[in-house]
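One structure below.
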Amino acid sequence: MSQRLGGDFDYIVVGAGTAGCIVANRLSADPKNRVLLLEAGGDDNWIWFHIPVGYLFAIGNPRSDWMFRTEAEPGLNGRSLAYPRGKVIGGSSAINAMISMRGQAADYDHWRQLGLNGWGWDDVRPAFRKLEDHFMGESEHHGAGGGWRVEAPRLAWKVLDAVADAASQMGIPRTHDFNTGDNEGIGYFHVNQKRGRRWSSARGFLKPVLSRQNLKLETSVLADRVIVEQGRAVGIRYSRGGETVEARARGEIILCSGAIGSVQILHRSGIGPADWLSPLGITPVADRPGVGRNLQDHLQQRAIYKVSGVRTLNETYWSLWRRGMMGVDYALRRRGPLTMAPSQLGIFTRSDASRARANIQFHVQPLSLDKFGDPLHRFPAITISACNLQPTSRGTVRITDAKPELAPRIAPNYLATDEDRHVAADAIRVTRRLMKQSALSAYHPEEYLPGPSVGDDDASLAKAAGDIGTTIFHPVGTAKMGLASDPHAVVDDRLRVFGIERLRVIDASVMPAITSGNTNTPTAMIAEKGSAMVLEDGR
């Protein structure tokens, strides 16, 4: 027996992550709109949600992470990967890399060329600008006064400056801003921080408006399914403290639970591939074959090089005195290694000269470790991770049971295409060429991973990419935007779910093709545009 939640809502937003916090903010700005926001995680009342280096403690912690894993991946030589997703207000923006990256103008112009009106670069740039409070101030490219704070990093490393010099020696241009439409170049990443503290979507968009009488936030509640009556979404069924609760809305139900979570809810609601759902005892309400398909992610090859004669974070990690001084520096000045995003230096370039635009991104770090959660290595080293920005492999997300507490089956299908394997091999070649430049010779870089025994032929390098490849936490595309004529499209260009009235998806899952860079800022833009569409259509 379900309990009925008291109150009369106009909109129910499911998921208080990057997108959901923005959507709830925008919809509740009009006091006439009563908004219910549901979040499976809790409050961000833990210190490591706010100190930037806290990602080391939040990722892989059930307090803050859904703790998903992928299936064993053939392209990764049978390995299964941890697949972190934020489980707290702010969602993945509370545990991610904090890198402010829009992608390339060509990404969005491609969306427009697919027939998606309003999603070209010139269409989305105003939404990016409206969101921002950028340290560079108001300009053609950036905004000031918005809720999404963007700042320059608060530390530098001599070894990273040398890597930047090496990239320049390869002919890659310098840039002071990756977010003007063409991100090819070398520079330090801009970050979602404010005076040395993480700036999540919850801090920027949700917490400042929680005093609104027309906005109700429910945390630690697990959404089960959308209630659909006569082809129309009318409410949400969710669990709270062991009891089942139903909430109903006069207006729309809006899923903002991400490329994994929104798919799970749609599947349990009977919206998805009928041949997937029927064997689970779920009656199909709308047979949409695309729900859970088209999964895209950026796979990075984590190359590690030992260095000498220059400081890295590895030595600091193993020195109690230096670690203590890091804490003092942060406490007094909000500077130093505790302000570090997981990656500091970015390089966008082409894996080979035939590419029309930058197709690989390097994340360069003054540290090394075997994997997140492990201690840093005891030798000085740097990590140079190259990822394919425009992968052609496509994976799936699907539930395995109708019970909402069970994890889904996530199969990214990495390196499944010849093109992706070729780009992975070329990316390792570019990494090796980078590390042989004279700007780095004083530090005697020595390849530790994938290792000097790995040959330079395509087969050896593709296998090595499978051995050292790991997710960079950018799942998108599992409820993609498309035309009504596309059988795998899930939402239209106004993010309305095909076949079900009053139901939208507004999050990273709607991307038809992944953007060429970190995906959190594009998700925020989708939320900005999507909430405006909801308000326009509600008038």
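Going by the structure tokens order, chains are called A, B, ..., each with residues numbered from 1, while ligands are numbered from 1 in the order shown.
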
Once you count only C-alpha atoms, what closest atom pair and distance in Å to one decimal does each residue of stretch 71-171 of chain A within 12 Å of stretch 413-437 of chain A have, with rows by chain and rising residue number, as a Markdown table?
| residue | atom | partner | partner_atom | distance |
| --- | --- | --- | --- | --- |
| A:Glu71 | CA | A:Asn413 | CA | 9.0 |
| A:Ala72 | CA | A:Asn413 | CA | 9.4 |
| A:Glu73 | CA | A:Asn413 | CA | 6.4 |
| A:Pro74 | CA | A:Asn413 | CA | 7.4 |
| A:Gly75 | CA | A:Leu415 | CA | 5.0 |
| A:Leu76 | CA | A:Tyr414 | CA | 7.1 |
| A:Asn77 | CA | A:Leu415 | CA | 10.2 |
| A:Gly78 | CA | A:Tyr414 | CA | 11.0 |
| A:Arg79 | CA | A:Tyr414 | CA | 10.9 |
| A:Ser80 | CA | A:Asn413 | CA | 11.1 |
| A:Leu81 | CA | A:Tyr414 | CA | 11.1 |
| A:Val159 | CA | A:Met435 | CA | 11.6 |
| A:Leu160 | CA | A:Met435 | CA | 11.7 |
| A:Ala162 | CA | A:Gln437 | CA | 9.7 |
| A:Val163 | CA | A:Met435 | CA | 7.7 |
| A:Ala164 | CA | A:Leu434 | CA | 9.5 |
| A:Asp165 | CA | A:Gln437 | CA | 8.7 |
| A:Ala166 | CA | A:Gln437 | CA | 5.3 |
| A:Ala167 | CA | A:Leu434 | CA | 6.1 |
| A:Ser168 | CA | A:Leu434 | CA | 9.4 |
| A:Gln169 | CA | A:Gln437 | CA | 6.9 |
| A:Met170 | CA | A:Leu434 | CA | 7.2 |
| A:Gly171 | CA | A:Leu434 | CA | 10.6 |

Preceding selection exported with N, CA, C and O atoms as a compact mmCIF listing (two decimals), in the first residue's frame:
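Saved to again_5.txt:
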# COMPACT_ATOMS: atom_id res chain seq x y z
N GLU A 71 30.33 -4.31 -16.67
CA GLU A 71 30.54 -5.70 -17.01
C GLU A 71 32.01 -5.92 -17.38
O GLU A 71 32.75 -4.96 -17.64
N ALA A 72 32.46 -7.15 -17.40
CA ALA A 72 33.79 -7.44 -17.91
C ALA A 72 33.83 -7.02 -19.38
O ALA A 72 33.00 -7.45 -20.18
N GLU A 73 34.79 -6.16 -19.72
CA GLU A 73 34.82 -5.54 -21.03
C GLU A 73 35.80 -6.26 -21.97
O GLU A 73 37.01 -6.30 -21.67
N PRO A 74 35.32 -6.80 -23.08
CA PRO A 74 36.25 -7.45 -24.02
C PRO A 74 37.35 -6.51 -24.49
O PRO A 74 38.51 -6.93 -24.60
N GLY A 75 37.00 -5.24 -24.75
CA GLY A 75 38.00 -4.28 -25.23
C GLY A 75 39.04 -3.92 -24.19
O GLY A 75 40.11 -3.39 -24.53
N LEU A 76 38.74 -4.21 -22.92
CA LEU A 76 39.70 -3.97 -21.84
C LEU A 76 40.33 -5.29 -21.38
O LEU A 76 40.76 -5.41 -20.23
N ASN A 77 40.34 -6.25 -22.29
CA ASN A 77 40.96 -7.55 -22.03
C ASN A 77 40.34 -8.25 -20.82
O ASN A 77 41.03 -8.88 -20.01
N GLY A 78 39.00 -8.11 -20.73
CA GLY A 78 38.24 -8.82 -19.71
C GLY A 78 38.14 -8.12 -18.37
O GLY A 78 37.57 -8.68 -17.43
N ARG A 79 38.64 -6.89 -18.28
CA ARG A 79 38.57 -6.19 -17.00
C ARG A 79 37.21 -5.54 -16.79
O ARG A 79 36.53 -5.13 -17.74
N SER A 80 36.80 -5.45 -15.52
CA SER A 80 35.63 -4.69 -15.11
C SER A 80 36.11 -3.44 -14.39
O SER A 80 37.09 -3.48 -13.63
N LEU A 81 35.45 -2.31 -14.63
CA LEU A 81 35.87 -1.04 -14.03
C LEU A 81 34.86 -0.56 -13.00
O LEU A 81 33.64 -0.74 -13.16
N VAL A 159 56.99 20.65 -13.03
CA VAL A 159 57.01 19.53 -13.97
C VAL A 159 55.88 19.66 -15.00
O VAL A 159 56.05 19.29 -16.17
N LEU A 160 54.72 20.21 -14.60
CA LEU A 160 53.63 20.40 -15.56
C LEU A 160 53.96 21.52 -16.54
O LEU A 160 53.61 21.44 -17.72
N ALA A 162 56.86 22.11 -17.60
CA ALA A 162 57.78 21.49 -18.56
C ALA A 162 57.03 20.65 -19.58
O ALA A 162 57.39 20.62 -20.77
N VAL A 163 55.97 19.94 -19.15
CA VAL A 163 55.15 19.17 -20.10
C VAL A 163 54.48 20.12 -21.09
O VAL A 163 54.41 19.83 -22.31
N ALA A 164 54.02 21.26 -20.60
CA ALA A 164 53.41 22.26 -21.51
C ALA A 164 54.45 22.74 -22.53
O ALA A 164 54.14 22.89 -23.72
N ASP A 165 55.68 22.98 -22.08
CA ASP A 165 56.74 23.38 -23.01
C ASP A 165 57.00 22.29 -24.05
O ASP A 165 57.22 22.58 -25.24
N ALA A 166 56.98 21.03 -23.60
CA ALA A 166 57.19 19.92 -24.52
C ALA A 166 56.10 19.87 -25.58
O ALA A 166 56.37 19.62 -26.76
N ALA A 167 54.85 20.10 -25.16
CA ALA A 167 53.75 20.10 -26.13
C ALA A 167 53.92 21.24 -27.12
O ALA A 167 53.63 21.08 -28.33
N SER A 168 54.40 22.39 -26.65
CA SER A 168 54.67 23.50 -27.57
C SER A 168 55.72 23.12 -28.59
O SER A 168 55.62 23.50 -29.77
N GLN A 169 56.73 22.37 -28.15
CA GLN A 169 57.77 21.94 -29.09
C GLN A 169 57.22 21.01 -30.17
O GLN A 169 57.81 20.90 -31.25
N MET A 170 56.07 20.38 -29.89
CA MET A 170 55.42 19.53 -30.89
C MET A 170 54.53 20.34 -31.83
O MET A 170 53.90 19.77 -32.72
N GLY A 171 54.43 21.64 -31.59
CA GLY A 171 53.62 22.49 -32.46
C GLY A 171 52.20 22.72 -32.00
O GLY A 171 51.39 23.30 -32.73

### Task
For A:Gly86, please output as a ChimeraX atom specification all residues within 8 Å (counting only C-alpha atoms; exclusion window: fewer than 2 positions along the same chain).
/A:17,64-66,84,88,90-95

### Task
Pick out each residue of stretch 222-331 of chain A that DSSP on the backbone tags as helix (DSSP H, G or I); I need them as a PyMOL selection string.
chain A and resi 258-268+274-280+313-317+320-331

File of the preceding selection, C-alpha atoms, as a PDB file, in the first residue's frame:
ATOM      1  CA  GLY A 258      21.838  10.957 -15.283  1.00  0.00           C
ATOM      2  CA  ALA A 259      22.859   8.551 -18.007  1.00  0.00           C
ATOM      3  CA  ILE A 260      22.569   5.603 -15.611  1.00  0.00           C
ATOM      4  CA  GLY A 261      19.843   6.607 -13.155  1.00  0.00           C
ATOM      5  CA  SER A 262      17.296   7.995 -15.605  1.00  0.00           C
ATOM      6  CA  VAL A 263      17.513   4.811 -17.663  1.00  0.00           C
ATOM      7  CA  GLN A 264      16.846   2.689 -14.576  1.00  0.00           C
ATOM      8  CA  ILE A 265      13.719   4.692 -13.737  1.00  0.00           C
ATOM      9  CA  LEU A 266      12.445   4.619 -17.324  1.00  0.00           C
ATOM     10  CA  HIS A 267      12.944   0.858 -17.528  1.00  0.00           C
ATOM     11  CA  ARG A 268      11.117   0.218 -14.254  1.00  0.00           C
ATOM     12  CA  ALA A 274       9.972  -4.331 -24.685  1.00  0.00           C
ATOM     13  CA  ASP A 275      12.215  -7.351 -25.273  1.00  0.00           C
ATOM     14  CA  TRP A 276      14.385  -6.242 -22.327  1.00  0.00           C
ATOM     15  CA  LEU A 277      11.525  -5.424 -19.954  1.00  0.00           C
ATOM     16  CA  SER A 278       8.975  -8.193 -20.492  1.00  0.00           C
ATOM     17  CA  PRO A 279      11.276 -10.997 -19.236  1.00  0.00           C
ATOM     18  CA  LEU A 280      11.641  -9.018 -15.984  1.00  0.00           C
ATOM     19  CA  LEU A 313      52.983  14.998  -5.264  1.00  0.00           C
ATOM     20  CA  ASN A 314      54.170  11.419  -4.676  1.00  0.00           C
ATOM     21  CA  GLU A 315      57.017  12.549  -2.393  1.00  0.00           C
ATOM     22  CA  THR A 316      54.706  14.919  -0.507  1.00  0.00           C
ATOM     23  CA  TYR A 317      52.219  12.109   0.083  1.00  0.00           C
ATOM     24  CA  LEU A 320      54.204  13.499   7.199  1.00  0.00           C
ATOM     25  CA  TRP A 321      55.827  16.909   7.517  1.00  0.00           C
ATOM     26  CA  ARG A 322      54.973  17.923   3.949  1.00  0.00           C
ATOM     27  CA  ARG A 323      51.429  16.651   4.329  1.00  0.00           C
ATOM     28  CA  GLY A 324      51.083  18.715   7.464  1.00  0.00           C
ATOM     29  CA  MET A 325      52.300  21.807   5.649  1.00  0.00           C
ATOM     30  CA  MET A 326      49.771  21.144   2.884  1.00  0.00           C
ATOM     31  CA  GLY A 327      47.027  21.302   5.502  1.00  0.00           C
ATOM     32  CA  VAL A 328      48.426  24.512   6.979  1.00  0.00           C
ATOM     33  CA  ASP A 329      48.665  26.125   3.540  1.00  0.00           C
ATOM     34  CA  TYR A 330      45.057  25.210   2.810  1.00  0.00           C
ATOM     35  CA  ALA A 331      43.771  26.360   6.197  1.00  0.00           C
TER      36      ALA A 331
END

#### Entry: Between atom CA of A:His110 and atom CA of A:Asn294 - distance in Å to one decimal
16.1 Å

### Message
When you look at A:Leu37 with a cut-off of 8 Å (counting only C-alpha atoms), what residues show up, excluding the ones that are within fewer than 2 positions of it in the same chain? I need them as a VMD selection string.
### Response
chain A and resid 12 to 16 20 24 35 39 215 to 218

### Query
Which neighbours of A:Arg355 fall inside 12 Å, counting only C-alpha atoms, when residues of the same chain fewer than 3 positions from it are skipped, and could you give them as a list in words?
Glu184, Thr349, Arg350, Ser351, Asp352, Ala358, Asn359, Ile360, Leu389, Gln390, Val423 and Asp426 of chain A

Could you write those residues out with C-alpha atoms, as a PDB file, in the first residue's frame?
ATOM      1  CA  GLU A 184      42.840  22.673 -29.421  1.00  0.00           C
ATOM      2  CA  THR A 349      45.420  17.815 -30.049  1.00  0.00           C
ATOM      3  CA  ARG A 350      44.964  15.446 -32.998  1.00  0.00           C
ATOM      4  CA  SER A 351      45.923  11.794 -32.941  1.00  0.00           C
ATOM      5  CA  ASP A 352      47.064  12.130 -36.553  1.00  0.00           C
ATOM      6  CA  ALA A 358      41.297  17.951 -31.942  1.00  0.00           C
ATOM      7  CA  ASN A 359      40.233  14.398 -31.114  1.00  0.00           C
ATOM      8  CA  ILE A 360      42.363  13.506 -28.087  1.00  0.00           C
ATOM      9  CA  LEU A 389      37.155  12.665 -27.489  1.00  0.00           C
ATOM     10  CA  GLN A 390      34.916  11.324 -30.259  1.00  0.00           C
ATOM     11  CA  VAL A 423      42.934   6.223 -32.098  1.00  0.00           C
ATOM     12  CA  ASP A 426      47.913   6.664 -31.933  1.00  0.00           C
TER      13      ASP A 426
END

Filtered DSSP result for stretch 258-386 of chain A, state strand (DSSP E), as a compact mmCIF listing (two decimals) with all heavy atoms, in the first residue's frame:
# COMPACT_ATOMS: atom_id res chain seq x y z
N ILE A 271 9.13 1.90 -19.79
CA ILE A 271 9.51 2.72 -20.95
C ILE A 271 10.91 2.29 -21.38
O ILE A 271 11.90 2.54 -20.69
CB ILE A 271 9.48 4.22 -20.58
CG1 ILE A 271 8.09 4.62 -20.07
CG2 ILE A 271 9.88 5.07 -21.79
CD1 ILE A 271 8.04 5.97 -19.38
N GLY A 272 10.97 1.59 -22.50
CA GLY A 272 12.25 1.05 -22.96
C GLY A 272 12.02 -0.09 -23.92
O GLY A 272 10.90 -0.31 -24.41
N ALA A 286 5.65 1.98 -23.06
CA ALA A 286 6.07 2.58 -24.32
C ALA A 286 7.31 1.81 -24.78
O ALA A 286 8.33 1.82 -24.09
CB ALA A 286 6.39 4.06 -24.15
N ASP A 287 7.20 1.13 -25.91
CA ASP A 287 8.31 0.33 -26.43
C ASP A 287 9.28 1.27 -27.14
O ASP A 287 9.09 1.61 -28.30
CB ASP A 287 7.77 -0.73 -27.39
CG ASP A 287 8.88 -1.66 -27.93
OD1 ASP A 287 10.03 -1.54 -27.45
OD2 ASP A 287 8.58 -2.48 -28.80
N LEU A 299 37.19 6.98 -22.75
CA LEU A 299 38.15 6.04 -22.18
C LEU A 299 39.54 6.68 -22.23
O LEU A 299 39.97 7.15 -23.27
CB LEU A 299 38.16 4.74 -22.98
CG LEU A 299 39.12 3.66 -22.47
CD1 LEU A 299 38.56 3.00 -21.21
CD2 LEU A 299 39.39 2.61 -23.55
N GLN A 300 40.21 6.71 -21.08
CA GLN A 300 41.55 7.28 -21.04
C GLN A 300 42.60 6.18 -20.89
O GLN A 300 42.39 5.20 -20.18
CB GLN A 300 41.68 8.29 -19.90
CG GLN A 300 41.46 7.71 -18.52
CD GLN A 300 41.74 8.72 -17.41
OE1 GLN A 300 42.21 9.82 -17.66
NE2 GLN A 300 41.43 8.35 -16.19
N GLN A 301 43.73 6.39 -21.58
CA GLN A 301 44.89 5.51 -21.39
C GLN A 301 45.83 6.19 -20.40
O GLN A 301 46.44 7.22 -20.73
CB GLN A 301 45.62 5.27 -22.71
CG GLN A 301 44.93 4.31 -23.64
CD GLN A 301 43.90 4.98 -24.52
OE1 GLN A 301 42.72 4.69 -24.43
NE2 GLN A 301 44.33 5.88 -25.36
N ARG A 302 45.94 5.63 -19.20
CA ARG A 302 46.72 6.26 -18.14
C ARG A 302 48.20 5.86 -18.25
O ARG A 302 48.64 4.89 -17.65
CB ARG A 302 46.18 5.88 -16.76
CG ARG A 302 44.83 6.47 -16.43
CD ARG A 302 44.36 6.08 -15.03
NE ARG A 302 45.25 6.57 -14.00
CZ ARG A 302 46.05 5.80 -13.26
NH1 ARG A 302 46.08 4.49 -13.45
NH2 ARG A 302 46.83 6.32 -12.33
N ALA A 303 48.95 6.65 -19.00
CA ALA A 303 50.40 6.42 -19.09
C ALA A 303 51.07 7.07 -17.88
O ALA A 303 50.68 8.16 -17.45
CB ALA A 303 50.95 7.01 -20.37
N ILE A 304 52.06 6.39 -17.31
CA ILE A 304 52.79 6.89 -16.15
C ILE A 304 54.28 6.93 -16.49
O ILE A 304 54.81 5.96 -17.06
CB ILE A 304 52.54 6.01 -14.91
CG1 ILE A 304 51.08 6.11 -14.47
CG2 ILE A 304 53.46 6.40 -13.75
CD1 ILE A 304 50.70 5.14 -13.36
N TYR A 305 54.93 8.04 -16.14
CA TYR A 305 56.36 8.20 -16.37
C TYR A 305 57.05 8.57 -15.07
O TYR A 305 56.66 9.53 -14.41
CB TYR A 305 56.63 9.29 -17.42
CG TYR A 305 56.43 8.81 -18.84
CD1 TYR A 305 55.14 8.66 -19.36
CD2 TYR A 305 57.51 8.50 -19.65
CE1 TYR A 305 54.94 8.19 -20.66
CE2 TYR A 305 57.32 8.05 -20.96
CZ TYR A 305 56.04 7.90 -21.45
OH TYR A 305 55.85 7.43 -22.73
N LYS A 306 58.05 7.80 -14.71
CA LYS A 306 58.92 8.19 -13.60
C LYS A 306 59.76 9.39 -14.02
O LYS A 306 60.16 9.51 -15.19
CB LYS A 306 59.84 7.03 -13.22
CG LYS A 306 59.15 5.81 -12.64
CD LYS A 306 60.17 4.74 -12.27
CE LYS A 306 59.53 3.53 -11.63
NZ LYS A 306 60.54 2.50 -11.25
N LEU A 345 46.81 20.16 -15.88
CA LEU A 345 47.20 20.63 -17.20
C LEU A 345 46.41 19.88 -18.27
O LEU A 345 46.30 18.65 -18.21
CB LEU A 345 48.70 20.42 -17.41
CG LEU A 345 49.26 20.87 -18.78
CD1 LEU A 345 49.28 22.38 -18.86
CD2 LEU A 345 50.66 20.28 -19.00
N GLY A 346 45.89 20.61 -19.23
CA GLY A 346 45.16 20.01 -20.34
C GLY A 346 45.88 20.23 -21.66
O GLY A 346 46.48 21.29 -21.88
N ILE A 347 45.84 19.22 -22.50
CA ILE A 347 46.36 19.34 -23.87
C ILE A 347 45.33 18.71 -24.79
O ILE A 347 44.95 17.55 -24.62
CB ILE A 347 47.71 18.60 -24.04
CG1 ILE A 347 48.75 19.10 -23.03
CG2 ILE A 347 48.23 18.76 -25.47
CD1 ILE A 347 50.02 18.25 -23.00
N PHE A 348 44.84 19.49 -25.75
CA PHE A 348 43.92 18.98 -26.78
C PHE A 348 44.65 19.02 -28.11
O PHE A 348 45.16 20.07 -28.53
CB PHE A 348 42.66 19.85 -26.86
CG PHE A 348 41.73 19.71 -25.70
CD1 PHE A 348 41.99 20.36 -24.50
CD2 PHE A 348 40.59 18.93 -25.79
CE1 PHE A 348 41.13 20.24 -23.42
CE2 PHE A 348 39.72 18.80 -24.71
CZ PHE A 348 39.99 19.46 -23.52
N THR A 349 44.71 17.87 -28.78
CA THR A 349 45.42 17.82 -30.05
C THR A 349 44.82 16.72 -30.92
O THR A 349 43.78 16.14 -30.57
CB THR A 349 46.93 17.59 -29.81
OG1 THR A 349 47.63 17.72 -31.04
CG2 THR A 349 47.21 16.22 -29.19
N ILE A 360 41.90 14.11 -29.34
CA ILE A 360 42.36 13.51 -28.09
C ILE A 360 42.63 14.61 -27.06
O ILE A 360 43.05 15.72 -27.42
CB ILE A 360 43.61 12.61 -28.27
CG1 ILE A 360 44.76 13.35 -28.94
CG2 ILE A 360 43.27 11.34 -29.00
CD1 ILE A 360 46.05 12.53 -28.97
N GLN A 361 42.36 14.28 -25.81
CA GLN A 361 42.57 15.20 -24.69
C GLN A 361 43.51 14.54 -23.70
O GLN A 361 43.31 13.39 -23.31
CB GLN A 361 41.24 15.51 -24.00
CG GLN A 361 41.36 16.34 -22.72
CD GLN A 361 40.02 16.52 -22.01
OE1 GLN A 361 39.01 15.94 -22.40
NE2 GLN A 361 40.01 17.33 -20.97
N PHE A 362 44.54 15.27 -23.30
CA PHE A 362 45.45 14.81 -22.26
C PHE A 362 45.08 15.46 -20.93
O PHE A 362 44.90 16.67 -20.85
CB PHE A 362 46.90 15.17 -22.59
CG PHE A 362 47.53 14.31 -23.65
CD1 PHE A 362 47.50 14.70 -24.98
CD2 PHE A 362 48.15 13.12 -23.32
CE1 PHE A 362 48.09 13.92 -25.97
CE2 PHE A 362 48.73 12.32 -24.30
CZ PHE A 362 48.70 12.72 -25.62
N HIS A 363 44.97 14.63 -19.90
CA HIS A 363 44.90 15.09 -18.52
C HIS A 363 46.27 14.79 -17.91
O HIS A 363 46.66 13.61 -17.82
CB HIS A 363 43.82 14.35 -17.74
CG HIS A 363 42.42 14.71 -18.15
ND1 HIS A 363 41.68 15.65 -17.47
CD2 HIS A 363 41.64 14.27 -19.15
CE1 HIS A 363 40.49 15.75 -18.04
NE2 HIS A 363 40.45 14.93 -19.08
N VAL A 364 46.97 15.82 -17.49
CA VAL A 364 48.33 15.64 -16.98
C VAL A 364 48.34 15.96 -15.49
O VAL A 364 47.88 17.02 -15.07
CB VAL A 364 49.35 16.51 -17.74
CG1 VAL A 364 50.78 16.10 -17.37
CG2 VAL A 364 49.14 16.41 -19.25
N GLN A 365 48.90 15.03 -14.70
CA GLN A 365 48.88 15.15 -13.25
C GLN A 365 50.29 14.98 -12.68
O GLN A 365 51.05 14.12 -13.15
CB GLN A 365 48.00 14.04 -12.64
CG GLN A 365 46.59 13.99 -13.19
CD GLN A 365 45.94 12.63 -12.94
OE1 GLN A 365 46.31 11.64 -13.55
NE2 GLN A 365 44.99 12.60 -12.03
N ALA A 381 56.74 10.64 -9.98
CA ALA A 381 56.22 10.29 -11.31
C ALA A 381 55.08 11.23 -11.68
O ALA A 381 54.51 11.93 -10.83
CB ALA A 381 55.73 8.84 -11.33
N ILE A 382 54.75 11.25 -12.96
CA ILE A 382 53.61 12.00 -13.47
C ILE A 382 52.73 11.06 -14.28
O ILE A 382 53.19 10.02 -14.77
CB ILE A 382 54.03 13.21 -14.33
CG1 ILE A 382 54.88 12.76 -15.53
CG2 ILE A 382 54.80 14.22 -13.48
CD1 ILE A 382 55.22 13.89 -16.49
N THR A 383 51.46 11.41 -14.39
CA THR A 383 50.50 10.65 -15.18
C THR A 383 50.06 11.49 -16.36
O THR A 383 49.70 12.66 -16.20
CB THR A 383 49.28 10.25 -14.32
OG1 THR A 383 49.72 9.49 -13.21
CG2 THR A 383 48.28 9.44 -15.13
N ILE A 384 50.09 10.90 -17.54
CA ILE A 384 49.67 11.58 -18.78
C ILE A 384 48.59 10.72 -19.40
O ILE A 384 48.88 9.72 -20.06
CB ILE A 384 50.85 11.78 -19.76
CG1 ILE A 384 52.03 12.45 -19.07
CG2 ILE A 384 50.41 12.63 -20.95
CD1 ILE A 384 53.07 11.46 -18.60
N SER A 385 47.34 11.08 -19.16
CA SER A 385 46.21 10.28 -19.63
C SER A 385 45.65 10.88 -20.91
O SER A 385 45.27 12.05 -20.93
CB SER A 385 45.11 10.24 -18.57
OG SER A 385 45.56 9.62 -17.39
N ALA A 386 45.60 10.07 -21.95
CA ALA A 386 45.03 10.52 -23.23
C ALA A 386 43.69 9.84 -23.45
O ALA A 386 43.57 8.62 -23.29
CB ALA A 386 45.98 10.17 -24.37

#### Entry: Given only C-alpha atoms as the counted atoms, nearest of A:Pro475, A:Pro452, A:Pro273, A:Cys256 to A:Ala489
A:Pro273

With 10 Å as the cut-off and only C-alpha atoms counted, what is the closest atom pair between each nearby residue of stretch 167-235 of chain A and stretch 498-502 of chain A? Distances in Å to one decimal, ordered by chain and number, as JSON lines.
{"residue": "A:Val228", "atom": "CA", "partner": "A:Ile500", "partner_atom": "CA", "distance": 8.0}
{"residue": "A:Glu229", "atom": "CA", "partner": "A:Ile500", "partner_atom": "CA", "distance": 9.5}
{"residue": "A:Gln230", "atom": "CA", "partner": "A:Ile500", "partner_atom": "CA", "distance": 9.0}
{"residue": "A:Gly231", "atom": "CA", "partner": "A:Ile500", "partner_atom": "CA", "distance": 5.3}
{"residue": "A:Arg232", "atom": "CA", "partner": "A:Glu501", "partner_atom": "CA", "distance": 4.5}
{"residue": "A:Ala233", "atom": "CA", "partner": "A:Arg502", "partner_atom": "CA", "distance": 5.5}
{"residue": "A:Val234", "atom": "CA", "partner": "A:Arg502", "partner_atom": "CA", "distance": 7.6}
{"residue": "A:Gly235", "atom": "CA", "partner": "A:Arg502", "partner_atom": "CA", "distance": 9.9}

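Of the listed residues A:Asp30, A:Glu252, A:Asp10, A:Asp297, the one whose atoms come nearest to A:Thr515 is A:Asp297, with distances taken using only C-alpha atoms.
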
### Query
So what do you get for atom CA of A:Leu440 versus atom CA of A:Ala152, distance-wise?
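Taking atom CA of A:Leu440 and atom CA of A:Ala152, their separation equals 24.7 Å.
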
#### Entry: Selected residue of minimal separation from A:Ala508 among A:Cys387, A:Val291, A:Ala353, A:Ser257, counting only C-alpha atoms
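Using only C-alpha atoms, the shortest distance to A:Ala508 belongs to A:Ser257.
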
Name all residues at most 10 Å from A:Asp122 (count only C-alpha atoms; drop same-chain ones fewer than 6 positions away) and give them as a PDB file with all heavy atoms, in the first residue's frame.
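Written file, selection-v7.pdb:
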ATOM      1  N   ALA A 105      32.671  23.769 -30.595  1.00  0.00           N
ATOM      2  CA  ALA A 105      31.521  24.279 -31.341  1.00  0.00           C
ATOM      3  C   ALA A 105      31.000  23.225 -32.309  1.00  0.00           C
ATOM      4  O   ALA A 105      29.777  23.077 -32.499  1.00  0.00           O
ATOM      5  CB  ALA A 105      31.913  25.553 -32.094  1.00  0.00           C
ATOM      6  N   TYR A 108      28.234  20.724 -31.048  1.00  0.00           N
ATOM      7  CA  TYR A 108      26.841  21.184 -31.000  1.00  0.00           C
ATOM      8  C   TYR A 108      26.293  21.451 -32.396  1.00  0.00           C
ATOM      9  O   TYR A 108      25.111  21.214 -32.658  1.00  0.00           O
ATOM     10  CB  TYR A 108      26.756  22.429 -30.109  1.00  0.00           C
ATOM     11  CG  TYR A 108      27.283  22.145 -28.722  1.00  0.00           C
ATOM     12  CD1 TYR A 108      28.577  22.511 -28.357  1.00  0.00           C
ATOM     13  CD2 TYR A 108      26.510  21.452 -27.792  1.00  0.00           C
ATOM     14  CE1 TYR A 108      29.081  22.222 -27.097  1.00  0.00           C
ATOM     15  CE2 TYR A 108      27.009  21.156 -26.530  1.00  0.00           C
ATOM     16  CZ  TYR A 108      28.292  21.546 -26.193  1.00  0.00           C
ATOM     17  OH  TYR A 108      28.784  21.250 -24.944  1.00  0.00           O
ATOM     18  N   ASP A 109      27.158  21.918 -33.292  1.00  0.00           N
ATOM     19  CA  ASP A 109      26.701  22.080 -34.678  1.00  0.00           C
ATOM     20  C   ASP A 109      26.344  20.727 -35.287  1.00  0.00           C
ATOM     21  O   ASP A 109      25.432  20.628 -36.114  1.00  0.00           O
ATOM     22  CB  ASP A 109      27.780  22.791 -35.507  1.00  0.00           C
ATOM     23  CG  ASP A 109      27.899  24.271 -35.138  1.00  0.00           C
ATOM     24  OD1 ASP A 109      26.953  24.819 -34.523  1.00  0.00           O
ATOM     25  OD2 ASP A 109      28.946  24.865 -35.442  1.00  0.00           O
ATOM     26  N   GLY A 181      35.067  27.573 -28.188  1.00  0.00           N
ATOM     27  CA  GLY A 181      34.544  26.865 -29.359  1.00  0.00           C
ATOM     28  C   GLY A 181      35.546  25.941 -30.003  1.00  0.00           C
ATOM     29  O   GLY A 181      35.177  24.940 -30.598  1.00  0.00           O
TER      30      GLY A 181
END
